[in-house]
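Here's input27.txt, which has compact mmCIF, C-alpha atoms:
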# COMPACT_ATOMS: atom_id res chain seq x y z
CA MET S 1006 -205.18 66.86 -199.27
CA SER S 1007 -206.57 69.88 -201.10
CA PHE S 1008 -206.94 69.98 -204.89
CA PRO S 1009 -204.49 72.92 -205.28
CA ARG S 1010 -201.89 71.03 -203.23
CA LEU S 1011 -202.45 67.91 -205.35
CA CYS S 1012 -202.09 69.98 -208.49
CA LEU S 1013 -198.92 71.53 -207.14
CA LEU S 1014 -197.45 68.11 -206.38
CA PHE S 1015 -198.42 66.80 -209.82
CA LEU S 1016 -196.73 69.73 -211.54
CA ALA S 1017 -193.65 69.43 -209.34
CA SER S 1018 -193.44 65.75 -210.22
CA ALA S 1019 -193.71 66.54 -213.93
CA VAL S 1020 -190.95 69.15 -213.62
CA SER S 1021 -188.78 66.67 -211.71
CA VAL S 1022 -189.11 63.94 -214.34
CA HIS S 1023 -188.42 66.40 -217.16
CA VAL S 1024 -185.30 67.81 -215.52
CA SER S 1025 -183.97 64.40 -214.54
CA THR S 1026 -184.53 62.96 -218.02
CA ALA S 1027 -182.88 65.94 -219.71
CA GLN S 1028 -179.84 65.75 -217.48
CA THR S 1029 -179.18 61.99 -217.35
CA ARG S 1030 -181.04 60.12 -220.09
CA LYS S 1031 -180.39 57.00 -218.00
CA ILE S 1032 -183.06 54.35 -217.49
CA GLY S 1033 -183.72 53.68 -213.85
CA HIS S 1034 -182.07 56.88 -212.58
CA ALA S 1035 -184.11 58.21 -209.67
CA PRO S 1036 -185.52 61.73 -210.22
CA GLU S 1037 -183.77 64.42 -208.25
CA PRO S 1038 -185.84 65.90 -205.42
CA ILE S 1039 -187.62 69.18 -206.10
CA SER S 1040 -185.93 72.06 -204.32
CA PRO S 1041 -187.90 74.27 -201.92
CA ALA S 1042 -187.21 77.22 -204.23
CA VAL S 1043 -188.96 75.50 -207.16
CA ILE S 1044 -191.90 74.54 -204.93
CA ALA S 1045 -192.16 78.14 -203.76
CA GLN S 1046 -192.05 79.40 -207.34
CA ILE S 1047 -194.88 77.07 -208.36
CA GLU S 1048 -196.93 78.03 -205.31
CA ALA S 1049 -196.44 81.73 -206.07
CA SER S 1050 -197.77 81.22 -209.61
CA PHE S 1051 -201.30 80.35 -208.44
CA ILE S 1052 -204.30 82.66 -208.76
CA ARG S 1053 -207.14 80.91 -206.93
CA TYR S 1054 -210.90 81.32 -207.28
CA PRO S 1055 -212.52 80.13 -204.03
CA VAL S 1056 -216.03 80.20 -205.52
CA CYS S 1057 -215.05 77.01 -207.38
CA ASN S 1058 -214.58 74.89 -204.29
CA GLN S 1059 -216.36 71.61 -205.07
CA ASP S 1060 -214.87 68.23 -204.23
CA VAL S 1061 -213.62 66.35 -207.30
CA ALA S 1062 -214.18 62.60 -207.58
CA CYS S 1063 -212.03 61.93 -210.66
CA LEU S 1064 -208.86 64.04 -210.90
CA GLU S 1065 -207.44 64.87 -214.34
CA CYS S 1066 -209.89 62.65 -216.23
CA ALA S 1067 -212.25 65.10 -217.93
CA ALA S 1068 -212.02 65.33 -221.72
CA VAL S 1069 -211.33 68.83 -223.02
CA PRO S 1070 -213.83 69.76 -225.77
CA VAL S 1071 -212.27 69.75 -229.23
CA GLN S 1072 -214.97 72.21 -230.26
CA VAL S 1073 -217.13 74.59 -228.27
CA GLY S 1074 -220.34 74.97 -230.22
CA SER S 1075 -219.29 75.62 -233.81
CA LEU S 1076 -215.81 76.89 -232.84
CA ARG S 1077 -212.52 75.13 -232.30
CA LEU S 1078 -211.21 75.44 -228.74
CA THR S 1079 -208.63 78.15 -229.47
CA ASP S 1080 -211.07 80.13 -231.63
CA TYR S 1081 -213.66 80.02 -228.85
CA PHE S 1082 -211.26 81.60 -226.38
CA ARG S 1083 -209.98 84.08 -228.95
CA GLN S 1084 -213.53 85.39 -229.26
CA ALA S 1085 -214.26 85.22 -225.52
CA LEU S 1086 -211.11 86.82 -224.07
CA PRO S 1087 -210.47 90.59 -224.29
CA LEU S 1088 -208.08 91.33 -227.16
CA PRO S 1089 -206.04 94.15 -225.55
CA GLN S 1090 -205.25 91.94 -222.54
CA THR S 1091 -204.28 88.87 -224.61
CA ASN S 1092 -202.06 90.99 -226.88
CA ALA S 1093 -200.20 92.29 -223.83
CA LEU S 1094 -199.18 88.82 -222.57
CA THR S 1095 -196.17 86.67 -223.40
CA GLY S 1096 -195.73 83.23 -221.89
CA MET S 1097 -197.89 80.43 -220.52
CA VAL S 1098 -201.01 80.31 -218.35
CA LEU S 1099 -202.38 77.06 -216.92
CA VAL S 1100 -206.10 76.98 -216.18
CA HIS S 1101 -207.29 74.26 -213.79
CA ILE S 1102 -210.95 73.41 -214.36
CA ASP S 1103 -213.47 71.40 -212.33
CA ILE S 1104 -216.57 69.90 -213.95
CA ASP S 1105 -219.50 68.91 -211.75
CA ASP S 1106 -221.62 65.78 -212.20
CA GLU S 1107 -223.90 67.66 -214.59
CA GLY S 1108 -221.05 68.78 -216.87
CA VAL S 1109 -220.91 72.41 -215.66
CA PRO S 1110 -217.31 73.75 -215.67
CA CYS S 1111 -215.75 76.20 -213.25
CA CYS S 1112 -212.25 77.63 -212.94
CA ARG S 1113 -210.63 76.58 -209.67
CA SER S 1114 -207.27 78.25 -210.23
CA VAL S 1115 -204.92 79.78 -212.77
CA GLN S 1116 -201.15 79.49 -212.80
CA ASN S 1117 -199.39 82.53 -214.21
CA TYR S 1118 -196.15 81.77 -216.06
CA THR S 1119 -196.22 84.88 -218.22
CA ASP S 1120 -193.96 87.92 -217.95
CA SER S 1121 -196.84 89.90 -216.45
CA PRO S 1122 -198.03 90.28 -212.84
CA HIS S 1123 -201.11 88.47 -211.55
CA PRO S 1124 -203.51 91.46 -211.81
CA GLN S 1125 -202.85 91.69 -215.54
CA VAL S 1126 -203.65 88.00 -216.01
CA GLN S 1127 -206.77 88.38 -213.87
CA GLN S 1128 -208.03 90.95 -216.39
CA LEU S 1129 -208.59 88.04 -218.81
CA ASN S 1130 -211.55 87.03 -216.61
CA LEU S 1131 -210.80 83.37 -217.30
CA ASP S 1132 -213.00 82.32 -214.38
CA ARG S 1133 -216.05 84.00 -215.96
CA VAL S 1134 -215.23 82.74 -219.46
CA VAL S 1135 -214.89 79.15 -218.25
CA ALA S 1136 -218.12 79.38 -216.24
CA ALA S 1137 -219.95 80.58 -219.38
CA MET S 1138 -218.85 77.57 -221.46
CA PRO S 1139 -221.48 75.01 -222.57
CA ARG S 1140 -221.67 71.83 -220.52
CA TRP S 1141 -218.82 69.37 -220.92
CA GLN S 1142 -219.03 65.61 -221.48
CA LEU S 1143 -219.81 63.75 -218.28
CA VAL S 1144 -217.43 61.32 -216.66
CA ARG S 1145 -219.03 58.14 -215.28
CA GLN S 1146 -217.75 55.72 -212.69
CA ASN S 1147 -219.77 52.63 -211.76
CA ASP S 1148 -222.55 53.89 -214.03
CA HIS S 1149 -222.87 57.15 -212.08
CA ALA S 1150 -221.92 60.62 -213.28
CA VAL S 1151 -219.14 62.09 -211.12
CA SER S 1152 -217.32 65.39 -210.83
CA SER S 1153 -213.99 65.58 -212.60
CA SER S 1154 -211.14 67.94 -213.40
CA THR S 1155 -208.63 68.79 -216.09
CA SER S 1156 -206.31 71.60 -217.15
CA LEU S 1157 -205.86 73.86 -220.17
CA ARG S 1158 -202.65 75.52 -221.31
CA PHE S 1159 -202.73 78.96 -222.92
CA VAL S 1160 -199.57 80.07 -224.73
CA PHE S 1161 -199.46 83.82 -225.41
CA ALA S 1162 -197.20 85.47 -227.99
CA GLY S 1163 -198.17 89.13 -227.63
CA PRO S 1164 -199.81 90.67 -230.75
CA ALA S 1165 -199.10 87.42 -232.65
CA GLY S 1166 -201.97 85.84 -230.72
CA PHE S 1167 -202.32 82.74 -228.52
CA TYR S 1168 -203.55 79.18 -228.60
CA ALA S 1169 -205.29 76.91 -226.08
CA GLU S 1170 -204.78 73.16 -225.67
CA PRO S 1171 -205.19 70.38 -223.08
CA PHE S 1172 -202.52 70.22 -220.40
CA PHE S 1173 -202.30 67.46 -217.80
CA THR S 1174 -200.00 67.62 -214.83
CA GLY S 1175 -200.56 64.14 -213.45
CA GLY S 1176 -202.87 61.22 -212.96
CA LEU S 1177 -204.05 58.78 -215.62
CA HIS S 1178 -205.51 60.79 -218.44
CA PRO S 1179 -207.95 59.14 -220.87
CA GLN S 1180 -205.89 60.07 -223.91
CA LEU S 1181 -202.99 57.95 -222.63
CA THR S 1182 -203.66 54.22 -222.81
CA ASP S 1183 -201.38 52.03 -220.73
CA THR S 1184 -199.72 49.34 -222.85
CA LEU S 1185 -196.63 49.56 -220.63
CA GLY S 1186 -198.72 48.77 -217.58
CA MET S 1187 -200.08 45.65 -219.29
CA ALA S 1188 -196.57 44.45 -220.09
CA ARG S 1189 -195.53 44.96 -216.47
CA SER S 1190 -198.50 42.90 -215.35
CA GLY S 1191 -196.95 39.87 -217.04
CA TRP S 1192 -199.21 39.65 -220.09
CA ARG S 1193 -199.38 40.98 -223.65
CA TRP S 1194 -202.20 41.13 -226.18
CA VAL S 1195 -202.27 38.48 -228.92
CA VAL S 1196 -205.82 39.41 -229.97
CA PRO S 1197 -206.18 43.14 -229.17
CA PRO S 1198 -209.60 44.55 -228.22
CA GLN S 1199 -211.42 45.99 -231.25
CA PRO S 1200 -214.73 47.75 -230.43
CA VAL S 1201 -217.47 47.65 -233.08
CA VAL S 1202 -218.96 51.05 -232.16
CA PRO S 1203 -216.10 53.54 -232.58
CA LEU S 1204 -215.20 56.27 -230.12
CA GLN S 1205 -214.89 59.83 -231.38
CA ALA S 1206 -212.09 62.25 -230.50
CA GLY S 1207 -212.12 63.04 -226.77
CA GLU S 1208 -214.21 59.98 -225.86
CA TYR S 1209 -212.78 57.14 -223.80
CA ALA S 1210 -213.65 54.08 -221.73
CA GLN S 1211 -211.25 52.61 -219.17
CA PHE S 1212 -211.78 49.12 -217.75
CA GLU S 1213 -210.27 46.92 -215.07
CA PHE S 1214 -210.45 43.15 -215.53
CA SER S 1215 -209.18 39.76 -214.41
CA ILE S 1216 -207.02 37.46 -216.53
CA GLY S 1217 -207.55 33.70 -216.45
CA PRO S 1218 -204.69 31.14 -216.55
CA THR S 1219 -205.12 30.75 -220.33
CA GLY S 1220 -205.16 34.50 -220.98
CA LYS S 1221 -208.94 34.83 -221.15
CA VAL S 1222 -210.36 38.16 -219.96
CA HIS S 1223 -213.18 38.02 -217.39
CA SER S 1224 -214.76 40.03 -214.56
CA VAL S 1225 -214.63 43.26 -216.56
CA ASN S 1226 -215.46 46.40 -214.56
CA LEU S 1227 -215.79 49.94 -215.87
CA ALA S 1228 -213.34 52.32 -214.19
CA ARG S 1229 -214.31 55.56 -215.94
CA THR S 1230 -215.78 56.76 -219.20
CA ASN S 1231 -217.45 59.66 -220.97
CA ALA S 1232 -218.77 57.49 -223.81
CA THR S 1233 -222.37 56.51 -224.51
CA ALA S 1234 -223.89 53.30 -223.15
CA ALA S 1235 -223.71 51.71 -226.63
CA GLN S 1236 -220.03 52.62 -227.02
CA GLU S 1237 -219.27 51.33 -223.53
CA ALA S 1238 -221.03 48.02 -224.24
CA SER S 1239 -219.11 47.65 -227.51
CA CYS S 1240 -215.80 48.25 -225.75
CA ARG S 1241 -216.69 45.79 -223.00
CA GLN S 1242 -217.56 43.09 -225.55
CA ALA S 1243 -214.32 43.75 -227.43
CA LEU S 1244 -212.33 43.38 -224.23
CA GLU S 1245 -214.06 40.12 -223.32
CA ALA S 1246 -213.35 38.75 -226.82
CA ALA S 1247 -209.63 39.61 -226.65
CA ALA S 1248 -206.84 37.23 -225.65
CA LEU S 1249 -203.51 37.56 -223.88
CA GLN S 1250 -200.42 35.44 -223.38
CA PRO S 1251 -197.67 35.56 -220.76
CA VAL S 1252 -194.70 37.86 -221.26
CA GLN S 1253 -191.41 35.98 -220.96
CA GLN S 1254 -189.59 36.58 -217.68
CA ALA S 1255 -192.36 38.79 -216.32
CA GLN S 1256 -194.14 38.32 -213.02
CA GLN S 1257 -197.64 37.31 -213.96
CA GLN S 1258 -200.57 39.01 -212.29
CA ASP S 1259 -204.23 38.26 -212.73
CA ARG S 1260 -205.44 41.86 -212.97
CA GLY S 1261 -205.06 44.40 -215.75
CA TYR S 1262 -206.61 47.54 -217.17
CA PHE S 1263 -207.15 48.95 -220.64
CA SER S 1264 -208.30 52.29 -222.05
CA PHE S 1265 -210.19 52.66 -225.32
CA ILE S 1266 -209.34 56.05 -226.80
CA GLY S 1267 -211.25 58.00 -229.46
CA LYS S 1268 -209.07 59.34 -232.27
Written as structure tokens, how would this file's structure read?
Amino acid sequence: MSFPRLCLLFLASAVSVHVSTAQTRKIGHAPEPISPAVIAQIEASFIRYPVCNQDVACLECAAVPVQVGSLRLTDYFRQALPLPQTNALTGMVLVHIDIDDEGVPCCRSVQNYTDSPHPQVQQLNLDRVVAAMPRWQLVRQNDHAVSSSTSLRFVFAGPAGFYAEPFFTGGLHPQLTDTLGMARSGWRWVVPPQPVVPLQAGEYAQFEFSIGPTGKVHSVNLARTNATAAQEASCRQALEAAALQPVQQAQQQDRGYFSFIGK
């Protein structure tokens, strides 16, 4: 399955959950299927850049830089994008970015949800601006740097300006740790993991591990991270020192996962 198609399905899923929740507010209610008209609308929103055609090993798991050089993310783009074009736009633009295994970003596609036609959005030259960004933090899996992806959301308000922020349409993103998943596995933390070497904002380390009959963590494996080796080791040690106990009336499993998130 192609990356654009995956992205389209992720976004459709997000729209489906949002609509279903807003309409029913009932736990356990199955999301309503996405209509062909909505799928067609999403598909029509894409502006694709074929030059960015690399395969991505880790979807939606790159950390968006909080700062680019000495500038905050929004300020960086405010300086990089042409002012007349940004002032002419109202609405949202989603920018889907790939990062290779050396941290070099490229713009795979843009989704245009503004009131303007595609050619006007293309005048922002977002593909060139993204390609000119400094290298991003690397994502590692099994101690090897891998290619990754993420998305940015730009919200334009005409002459009032715009802002840029992370936007994630699906997958397990590092800024979302999964306490619910642990509860469903049949265990809960009684001694939570507490790393000695702290993670900074945008840094994360996600682990998979086995749980012994007494709640002892063992066989810890790194799933993905963009942290340093010292931070990773500290997180691993904290996980191995933690303890769990069974959740009442839950089906116990012997595998779990945990994400350390920088604040």
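With distances taken from (-203.4, 43.0, -224.9) and restricted to all atoms listed in the file, the residues inside 9 Å are Thr1184, Met1187, Ala1188, Trp1192, Arg1193, Trp1194, Val1195, Val1196, Pro1197, Pro1198, Leu1244, Ala1247, Ala1248, Leu1249, Gln1250 and Phe1263 of chain S.
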As an exercise, work out the distance from CA of Pro1124 (chain S) to CA of Cys1111 (chain S) in Å and give it to one decimal place. 19.6 Å
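Distances to Pro1251 (chain S) were evaluated for S:Arg1140, S:Lys1221, S:His1149, S:Arg1229 using all atoms listed in the file, and the minimum falls at S:Lys1221.
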Might I get the box with edges along x, y and z of the file that holds all atoms of region 1123-1137 of chain S listed there, padded by 6 Å on every side, given as centre and edge lengths in Å to one decimal, as lines of an AutoDock Vina configuration file?
center_x = -210.5
center_y = 85.4
center_z = -215.5
size_x = 30.8
size_y = 24.5
size_z = 19.9
Leaving out Gln1125 (chain S) and any residue of its chain fewer than 6 positions from it, which residues lie within 9 Å of it when counting all atoms listed in the file, given as a list of chain:residue names? S:Gln1090, S:Ala1093, S:Leu1094
Counting all atoms listed in the file, which of S:Ser1121, S:Asn1231, S:Gln1072, S:Ser1215 gets nearest to Pro1139 (chain S)?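 That would be S:Gln1072, the residue with the smallest distance to Pro1139 (chain S).
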Point out the residue among S:Ile1052, S:Val1222, S:Ala1246, S:Cys1066 with the least atom-to-atom distance to Pro1122 (chain S), counting only C-alpha atoms.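 The shortest atom-to-atom distance to Pro1122 (chain S) comes from S:Ile1052.
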Rounded to one decimal in Å, what is the spacing between CA of Met1097 (chain S) and CA of Leu1129 (chain S)?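 Separation of CA of Met1097 (chain S) and CA of Leu1129 (chain S): 13.2 Å.
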